[in-house]
>>> print(open('model29.txt').read())   # compact mmCIF, C-alpha atoms
# COMPACT_ATOMS: atom_id res chain seq x y z
CA MET A 1 -52.76 25.98 7.63
CA ARG A 2 -51.53 28.94 5.70
CA LYS A 3 -53.96 31.18 7.46
CA GLU A 4 -52.56 30.23 10.84
CA LYS A 5 -49.15 31.60 9.97
CA ARG A 6 -48.79 34.62 12.17
CA LYS A 7 -47.38 37.82 10.84
CA LEU A 8 -44.26 39.04 12.61
CA MET A 9 -45.62 42.54 12.72
CA SER A 10 -48.20 44.69 11.06
CA PRO A 11 -47.14 47.28 8.49
CA ARG A 12 -48.17 49.88 11.03
CA THR A 13 -45.74 48.51 13.62
CA LEU A 14 -43.01 48.21 11.02
CA CYS A 15 -43.49 51.84 10.02
CA PHE A 16 -43.44 53.00 13.59
CA LEU A 17 -40.30 51.01 14.42
CA GLY A 18 -38.50 52.36 11.36
CA MET A 19 -39.47 55.88 12.28
CA ALA A 20 -38.40 55.30 15.88
CA ALA A 21 -35.01 53.94 14.81
CA CYS A 22 -34.48 56.95 12.56
CA ALA A 23 -35.62 59.50 15.11
CA SER A 24 -33.57 57.98 17.91
CA MET A 25 -30.53 57.95 15.64
CA MET A 26 -30.96 61.64 14.91
CA LEU A 27 -31.37 62.32 18.63
CA SER A 28 -28.07 60.55 19.39
CA TYR A 29 -26.43 62.54 16.63
CA ALA A 30 -27.83 65.92 17.68
CA GLU A 31 -26.84 65.18 21.26
CA SER A 32 -23.22 64.65 20.32
CA PHE A 33 -22.91 68.34 19.47
CA ILE A 34 -23.95 69.54 22.90
CA PRO A 35 -21.13 69.48 25.42
CA PHE A 36 -22.26 68.40 28.87
CA GLY A 37 -18.99 69.06 30.64
CA LEU A 38 -17.76 65.51 30.94
CA PRO A 39 -17.24 62.63 28.55
CA GLY A 40 -20.08 60.15 28.62
CA LEU A 41 -22.36 62.63 30.32
CA LYS A 42 -25.37 63.10 28.10
CA PRO A 43 -29.11 62.65 28.41
CA GLY A 44 -29.35 59.73 25.97
CA LEU A 45 -32.57 60.99 24.46
CA ALA A 46 -32.66 58.06 22.04
CA ASN A 47 -33.67 56.00 25.03
CA ILE A 48 -37.08 57.70 25.00
CA PHE A 49 -38.00 55.49 22.07
CA THR A 50 -36.49 52.40 23.68
CA VAL A 51 -38.62 52.89 26.79
CA PHE A 52 -41.71 53.67 24.72
CA ILE A 53 -41.30 50.59 22.53
CA LEU A 54 -40.53 48.43 25.56
CA TYR A 55 -43.87 49.39 27.09
CA ARG A 56 -46.05 49.67 24.03
CA ILE A 57 -44.82 47.05 21.56
CA GLY A 58 -42.50 44.62 23.31
CA ALA A 59 -38.98 43.91 24.47
CA PRO A 60 -37.76 42.13 21.29
CA TYR A 61 -38.74 45.18 19.25
CA ALA A 62 -36.99 47.50 21.67
CA PHE A 63 -33.84 45.37 21.35
CA ALA A 64 -34.10 45.42 17.56
CA VAL A 65 -34.54 49.19 17.32
CA SER A 66 -31.64 49.76 19.74
CA LEU A 67 -29.40 47.46 17.73
CA VAL A 68 -30.27 49.21 14.47
CA ARG A 69 -29.74 52.60 16.07
CA CYS A 70 -26.33 51.66 17.54
CA CYS A 71 -25.08 50.19 14.26
CA LEU A 72 -26.29 53.10 12.13
CA THR A 73 -24.96 55.73 14.51
CA ALA A 74 -21.56 54.04 14.62
CA LEU A 75 -21.54 53.59 10.85
CA LEU A 76 -22.51 57.16 10.03
CA PHE A 77 -21.02 59.24 12.81
CA GLY A 78 -18.76 56.99 14.88
CA ASN A 79 -16.21 54.25 14.57
CA ALA A 80 -15.68 50.62 15.51
CA VAL A 81 -14.82 51.53 19.09
CA SER A 82 -17.85 53.73 19.62
CA LEU A 83 -20.02 50.87 18.38
CA TRP A 84 -18.89 48.69 21.30
CA TYR A 85 -19.59 51.46 23.75
CA SER A 86 -23.10 52.09 22.53
CA LEU A 87 -23.89 48.38 22.12
CA ALA A 88 -22.74 47.56 25.64
CA GLY A 89 -24.63 50.51 27.08
CA ALA A 90 -27.80 49.75 25.17
CA ALA A 91 -27.73 46.01 25.89
CA LEU A 92 -27.20 46.29 29.65
CA SER A 93 -29.62 49.16 30.13
CA LEU A 94 -32.33 47.44 28.10
CA ALA A 95 -31.83 44.13 29.93
CA VAL A 96 -32.12 45.82 33.31
CA MET A 97 -35.10 47.90 32.19
CA LEU A 98 -36.85 44.77 30.97
CA LEU A 99 -36.24 43.04 34.32
CA LEU A 100 -37.51 46.01 36.32
CA LYS A 101 -40.53 46.37 34.08
CA GLN A 102 -41.39 42.70 34.70
CA THR A 103 -41.39 43.26 38.45
CA SER A 104 -43.98 46.05 37.94
CA ALA A 105 -42.61 47.75 41.02
CA PHE A 106 -41.62 50.85 39.10
CA SER A 107 -43.24 53.28 36.69
CA PRO A 108 -41.55 54.00 33.34
CA LEU A 109 -39.71 56.80 35.13
CA GLY A 110 -38.00 54.48 37.61
CA VAL A 111 -37.32 51.93 34.90
CA SER A 112 -35.62 54.54 32.76
CA ILE A 113 -33.55 55.83 35.70
CA ALA A 114 -32.18 52.32 36.22
CA GLY A 115 -31.60 52.13 32.46
CA GLY A 116 -29.65 55.39 32.44
CA VAL A 117 -27.39 54.34 35.28
CA CYS A 118 -26.80 50.87 33.81
CA HIS A 119 -26.02 52.42 30.44
CA ASN A 120 -23.26 54.46 32.02
CA ALA A 121 -22.03 51.52 34.09
CA ALA A 122 -21.70 49.35 30.97
CA GLN A 123 -19.83 52.08 29.10
CA LEU A 124 -17.51 52.53 32.04
CA ALA A 125 -16.81 48.80 32.06
CA VAL A 126 -16.02 48.89 28.33
CA ALA A 127 -13.75 51.89 28.88
CA VAL A 128 -11.82 50.02 31.56
CA ALA A 129 -11.60 46.94 29.33
CA VAL A 130 -10.45 48.92 26.27
CA THR A 131 -7.88 51.12 27.96
CA GLY A 132 -6.93 48.95 30.90
CA VAL A 133 -6.99 52.05 33.07
CA ARG A 134 -8.63 51.43 36.39
CA GLU A 135 -8.57 55.10 37.32
CA ILE A 136 -11.67 55.59 35.18
CA VAL A 137 -13.65 54.34 38.16
CA TRP A 138 -13.18 57.88 39.42
CA TYR A 139 -16.05 58.78 37.19
CA ILE A 140 -18.47 56.37 38.88
CA PRO A 141 -20.16 58.95 41.14
CA LEU A 142 -20.54 61.46 38.34
CA LEU A 143 -21.78 58.89 35.88
CA ALA A 144 -24.22 57.46 38.42
CA LEU A 145 -25.53 60.95 39.06
CA GLY A 146 -25.60 61.74 35.34
CA GLY A 147 -27.36 58.47 34.61
CA THR A 148 -30.02 59.25 37.21
CA VAL A 149 -30.65 62.74 35.84
CA ALA A 150 -30.69 61.39 32.28
CA GLY A 151 -33.09 58.66 33.37
CA VAL A 152 -35.47 61.22 34.86
CA ILE A 153 -35.44 63.31 31.66
CA VAL A 154 -35.89 60.28 29.42
CA GLY A 155 -38.45 58.66 31.70
CA ALA A 156 -40.52 61.82 31.92
CA ALA A 157 -40.45 62.26 28.14
CA ALA A 158 -41.32 58.61 27.57
CA GLY A 159 -44.12 58.89 30.12
CA ILE A 160 -45.61 61.85 28.25
CA MET A 161 -45.26 60.00 24.96
CA LEU A 162 -46.93 56.88 26.39
CA LYS A 163 -49.82 58.99 27.63
CA LYS A 164 -50.27 61.09 24.50
CA LEU A 165 -50.07 58.09 22.20
CA GLU A 166 -52.25 55.91 24.40
CA LYS A 167 -55.02 55.72 21.82
CA PHE A 168 -52.71 55.68 18.83
CA LYS A 169 -52.91 52.26 17.23
CA ILE A 170 -49.43 50.82 16.73
CA LYS A 171 -49.92 47.08 16.72
CA MET B 1 -50.80 50.96 42.81
CA LYS B 2 -49.74 54.11 41.04
CA ASN B 3 -48.55 55.64 44.29
CA ARG B 4 -46.53 52.57 45.16
CA LYS B 5 -44.72 52.79 41.83
CA ARG B 6 -44.16 56.51 42.27
CA ARG B 7 -42.77 55.87 45.73
CA ASN B 8 -40.44 53.16 44.45
CA ASP B 9 -39.25 55.49 41.69
CA ILE B 10 -38.37 58.15 44.22
CA ILE B 11 -36.63 55.63 46.50
CA LEU B 12 -34.59 54.37 43.56
CA ALA B 13 -33.57 57.86 42.42
CA ALA B 14 -32.83 59.06 45.95
CA GLY B 15 -30.81 55.93 46.69
CA LEU B 16 -28.71 56.34 43.57
CA ILE B 17 -28.09 60.02 44.21
CA ALA B 18 -27.19 59.34 47.85
CA ALA B 19 -24.79 56.54 46.87
CA ALA B 20 -23.16 58.74 44.24
CA SER B 21 -22.85 61.65 46.65
CA VAL B 22 -21.27 59.51 49.36
CA ALA B 23 -18.82 58.01 46.86
CA ALA B 24 -17.96 61.46 45.53
CA LEU B 25 -17.49 62.82 49.03
CA VAL B 26 -15.20 59.94 50.01
CA MET B 27 -13.15 60.42 46.85
CA TYR B 28 -13.00 64.17 47.40
CA LEU B 29 -11.86 63.84 51.01
CA ALA B 30 -9.32 61.17 50.11
CA ALA B 31 -7.78 63.32 47.36
CA LYS B 32 -4.25 64.55 47.91
CA PRO B 33 -2.18 66.49 45.41
CA GLY B 34 0.01 64.12 43.41
CA ASP B 35 3.63 64.47 42.36
CA TYR B 36 3.82 63.11 38.84
CA ALA B 37 1.75 62.94 35.69
CA LEU B 38 2.14 59.41 34.43
CA VAL B 39 1.38 59.01 30.74
CA THR B 40 0.39 55.57 29.52
CA VAL B 41 -0.46 54.45 26.03
CA GLY B 42 -2.30 51.18 25.49
CA GLY B 43 -1.81 50.35 29.16
CA LYS B 44 1.99 50.72 29.04
CA GLU B 45 3.99 53.52 30.57
CA TRP B 46 5.01 56.16 28.04
CA GLY B 47 6.45 58.90 30.19
CA LYS B 48 6.43 60.53 33.60
CA TYR B 49 6.47 64.25 34.26
CA PRO B 50 6.80 65.98 37.62
CA LEU B 51 3.93 68.33 38.36
CA ASP B 52 6.14 71.00 39.97
CA ARG B 53 7.85 71.72 36.66
CA ASP B 54 5.99 73.27 33.71
CA ALA B 55 6.07 71.08 30.63
CA ASP B 56 4.60 70.85 27.16
CA VAL B 57 4.84 67.45 25.50
CA VAL B 58 3.37 65.96 22.38
CA ILE B 59 2.46 62.33 22.92
CA SER B 60 2.74 60.86 19.47
CA THR B 61 2.02 57.16 19.12
CA GLU B 62 0.68 54.65 16.64
CA TYR B 63 -2.83 55.41 17.93
CA GLY B 64 -2.70 59.19 17.59
CA GLU B 65 -1.40 62.41 18.99
CA ASN B 66 -2.18 64.30 22.18
CA ARG B 67 -0.55 67.37 23.61
CA LEU B 68 -0.04 67.39 27.36
CA VAL B 69 0.65 70.63 29.19
CA ILE B 70 1.72 70.93 32.82
CA LYS B 71 1.42 74.37 34.30
CA ASP B 72 1.26 75.59 37.90
CA GLY B 73 1.02 72.07 39.25
CA VAL B 74 -1.94 70.95 37.15
CA ALA B 75 -1.89 68.77 34.06
CA PHE B 76 -4.25 69.07 31.09
CA VAL B 77 -4.49 68.06 27.46
CA THR B 78 -4.69 70.96 25.01
CA GLU B 79 -4.74 69.21 21.69
CA ALA B 80 -5.77 65.84 20.32
CA ASP B 81 -6.24 64.39 16.87
CA CYS B 82 -9.09 62.15 17.95
CA PRO B 83 -12.55 62.95 16.63
CA ASP B 84 -14.35 63.58 19.91
CA LYS B 85 -11.75 65.71 21.75
CA LEU B 86 -13.14 64.55 25.05
CA CYS B 87 -9.70 64.56 26.65
CA VAL B 88 -9.33 68.25 25.78
CA ARG B 89 -12.69 69.08 27.27
CA GLN B 90 -11.95 67.23 30.50
CA HIS B 91 -10.94 69.17 33.54
CA SER B 92 -7.31 69.53 34.51
CA VAL B 93 -5.97 67.03 37.03
CA LYS B 94 -3.69 67.48 40.01
CA ASN B 95 -4.79 65.08 42.75
CA GLY B 96 -3.49 61.55 43.19
CA GLY B 97 -5.56 59.02 41.29
CA GLU B 98 -7.18 61.56 38.98
CA ALA B 99 -6.83 60.84 35.29
CA ILE B 100 -7.39 62.26 31.86
CA VAL B 101 -8.39 59.60 29.40
CA CYS B 102 -8.35 59.71 25.62
CA LEU B 103 -10.09 56.52 24.61
CA PRO B 104 -9.57 56.66 20.82
CA ASN B 105 -5.81 57.09 21.25
CA LYS B 106 -5.63 54.69 24.20
CA MET B 107 -3.80 57.44 26.03
CA THR B 108 -4.16 58.24 29.70
CA VAL B 109 -2.58 60.77 31.99
CA ARG B 110 -2.80 59.75 35.62
CA ILE B 111 -1.60 61.61 38.61
CA VAL B 112 0.55 59.56 40.95
CA SER B 113 2.45 60.44 44.08
CA ASP B 114 5.93 59.37 45.13
CA LYS B 115 4.67 56.56 47.30
CA ASP B 116 2.54 55.22 44.45
CA ILE B 117 5.53 54.72 42.19
CA VAL B 118 6.32 51.46 43.93
CA ASP B 119 2.79 50.21 43.59
CA ILE B 120 1.20 51.90 40.61
CA ALA B 121 -1.77 49.60 40.55
CA GLY B 122 -2.70 50.57 44.10
>>> encode(input="model29.txt", output="C-alpha cells")
Amino acid sequence: MRKEKRKLMSPRTLCFLGMAACASMMLSYAESFIPFGLPGLKPGLANIFTVFILYRIGAPYAFAVSLVRCCLTALLFGNAVSLWYSLAGAALSLAVMLLLKQTSAFSPLGVSIAGGVCHNAAQLAVAVAVTGVREIVWYIPLLALGGTVAGVIVGAAAGIMLKKLEKFKIK
Amino acid sequence: MKNRKRRNDIILAAGLIAAASVAALVMYLAAKPGDYALVTVGGKEWGKYPLDRDADVVISTEYGENRLVIKDGVAFVTEADCPDKLCVRQHSVKNGGEAIVCLPNKMTVRIVSDKDIVDIAG
C-alpha cells in the first residue's frame, strides 16, 4: 500500500522547477531595465520557461512556476498592483497556451505567439479595470503587435531549448 | 504534420499582425487633433486644460504626483513620483481619444475635443 503512493515529483524535477522559477524571475527583472518605447511592451522572456515546462513536464507545473515567479517578482521588485497585472497576464496566456497545445494544431512557436498576445490582452483588461479609463484600448493594435513579436522571440527560444534539452532527463 | 503546424503558426501570426495593422490604420485615419487635455484621477475629472495654451501643472493627489506640460498643442508628462515612470516615457498626445496613463497614480490625461465634452464616454 505504501509503495503505491506516487511521488508528486522527482528531486530532479523539483530542482529544475526551482531553477526555472529563479531564472524566469531574473529574466523579468532584467527586462524591466530595458525600455521598449511603450508601457507593457516587452518580450516577456520569462515565458520561455513557461512554454518549456508546459511541453516537457506538464501544465500544472507550468502554472506553479508562473505563480511563484509572479509572486516573487511582485514581492521583490514590484507592488500589489503589479502583482495583479502579472498574475492576470500569466493566467490567461497560460490557459490559452494550454488549450492550443491540446489541439496540436500549432508548434510551440504558434502557441507562444497566442500566449504573448493573450498576456497583453489580460494586462490591458486589468488596466481598464484598475483605472476605469477606456481610452487604453488605443493600445490594442500596438500590444497585439508587440505580443506577436514577443511570442515569436519566446517561442523560438523555447523551441531551441526543447530541442537542445530533448535528451536531458527532467522527470 | 510538422509542416501543417508550421503553416498554422504562420497563419496565426499573419492574422494577428494583419488585424493589428488594420486596427491601427483605422485609429490613425480617424484621429483628429483634440481641443482639451482632460486630467482624471481615479476615474474622476481633476482638471481640463486647453491645448492651444501652454501650461505646466503639477497634479498632486492622494495617489501621487505627476507634472503635466502642454506646449505647442501637445500634452506630455515630464515628471512622476511613481516607480516605473511609464507615463513620462510615453509619447506626447494631441489627437482626440489619445491618452497618457499613469497606472500607479491612477492618473490619466486624455485628449478630448469640444464636441466630446457633452459625451465624454463616447
>>> residues_around(input="model29.txt", residues="range 3-12 of chain B", least_positions_apart="6", cutoff="12 Å", atoms="only C-alpha atoms", output="PyMOL selection string")
(chain A and resi 100-101+103-115+117+144+148+151-152+155-156) or (chain B and resi 18-19)
>>> interface_residues(input="model29.txt", of="chain B", to="chain A", cutoff="7 Å", atoms="only C-alpha atoms", output="VMD selection string")
chain B and resid 5 to 6 8 to 9 12 to 13 16 to 17 20 to 21 23 to 24 42 to 43 86 90 97 to 99 103 106
>>> closest_residue(input="model29.txt", among="A:Cys71, A:Leu17, A:Ala150, A:Leu98", to="Lys42 in chain A", atoms="all atoms listed in the file")
A:Ala150
>>> closest_residue(input="model29.txt", among="B:Lys2, B:Arg110, B:Lys94, B:Lys71", to="Gly34 in chain B", atoms="all atoms listed in the file")
B:Lys94
>>> closest_residue(input="model29.txt", among="A:Leu87, A:Met19, A:Leu99, A:Ile160", to="Ser66 in chain A", atoms="all atoms listed in the file")
A:Leu87
>>> atom_distance(input="model29.txt", atom1="CA of Ala46 in chain A", atom2="CA of Ser24 in chain A")
4.2 Å
>>> closest_residue(input="model29.txt", among="B:Leu25, B:Met107, B:Ile70, B:Ala80", to="Val41 in chain B", atoms="all atoms listed in the file")
B:Met107
>>> atom_distance(input="model29.txt", atom1="CA of Asp114 in chain B", atom2="CA of Leu68 in chain B")
20.4 Å
>>> decode(input="model29.txt", residues="range 57-70 of chain B", atoms="N, CA, C and O atoms", output="short mmCIF file (atom, residue, chain, number, x, y, z; two decimals), in the first residue's frame")
data_model
loop_
_atom_site.label_atom_id
_atom_site.label_comp_id
_atom_site.auth_asym_id
_atom_site.auth_seq_id
_atom_site.Cartn_x
_atom_site.Cartn_y
_atom_site.Cartn_z
N VAL B 57 1.40 72.09 -15.16
CA VAL B 57 0.66 71.85 -13.93
C VAL B 57 1.20 70.63 -13.18
O VAL B 57 1.59 69.65 -13.79
N VAL B 58 1.19 70.73 -11.87
CA VAL B 58 1.55 69.58 -11.07
C VAL B 58 0.24 68.98 -10.56
O VAL B 58 -0.55 69.65 -9.91
N ILE B 59 0.03 67.72 -10.90
CA ILE B 59 -1.19 67.04 -10.48
C ILE B 59 -0.86 66.26 -9.21
O ILE B 59 -0.27 65.19 -9.26
N SER B 60 -1.20 66.86 -8.09
CA SER B 60 -0.85 66.25 -6.81
C SER B 60 -2.10 65.69 -6.15
O SER B 60 -3.04 66.42 -5.87
N THR B 61 -2.13 64.38 -5.96
CA THR B 61 -3.30 63.76 -5.36
C THR B 61 -2.88 62.78 -4.29
O THR B 61 -1.68 62.60 -4.04
N GLU B 62 -3.87 62.13 -3.70
CA GLU B 62 -3.57 61.14 -2.65
C GLU B 62 -2.78 59.95 -3.19
O GLU B 62 -2.13 59.24 -2.44
N TYR B 63 -2.83 59.75 -4.52
CA TYR B 63 -2.14 58.60 -5.10
C TYR B 63 -0.70 58.92 -5.48
O TYR B 63 0.13 58.04 -5.58
N GLY B 64 -0.41 60.20 -5.74
CA GLY B 64 0.94 60.57 -6.15
C GLY B 64 0.96 61.86 -6.94
O GLY B 64 -0.07 62.56 -7.05
N GLU B 65 2.11 62.14 -7.48
CA GLU B 65 2.28 63.41 -8.19
C GLU B 65 2.75 63.20 -9.62
O GLU B 65 3.63 62.38 -9.88
N ASN B 66 2.15 63.95 -10.54
CA ASN B 66 2.60 63.95 -11.93
C ASN B 66 2.65 65.38 -12.41
O ASN B 66 1.86 66.21 -11.96
N ARG B 67 3.59 65.65 -13.29
CA ARG B 67 3.68 67.01 -13.83
C ARG B 67 3.30 66.97 -15.30
O ARG B 67 3.92 66.29 -16.10
N LEU B 68 2.25 67.72 -15.63
CA LEU B 68 1.75 67.76 -17.00
C LEU B 68 2.17 69.06 -17.67
O LEU B 68 2.01 70.14 -17.10
N VAL B 69 2.74 68.94 -18.84
CA VAL B 69 3.16 70.12 -19.59
C VAL B 69 2.42 70.14 -20.92
O VAL B 69 2.32 69.12 -21.60
N ILE B 70 1.88 71.32 -21.26
CA ILE B 70 1.26 71.49 -22.58
C ILE B 70 2.07 72.54 -23.33
O ILE B 70 2.30 73.64 -22.82
#
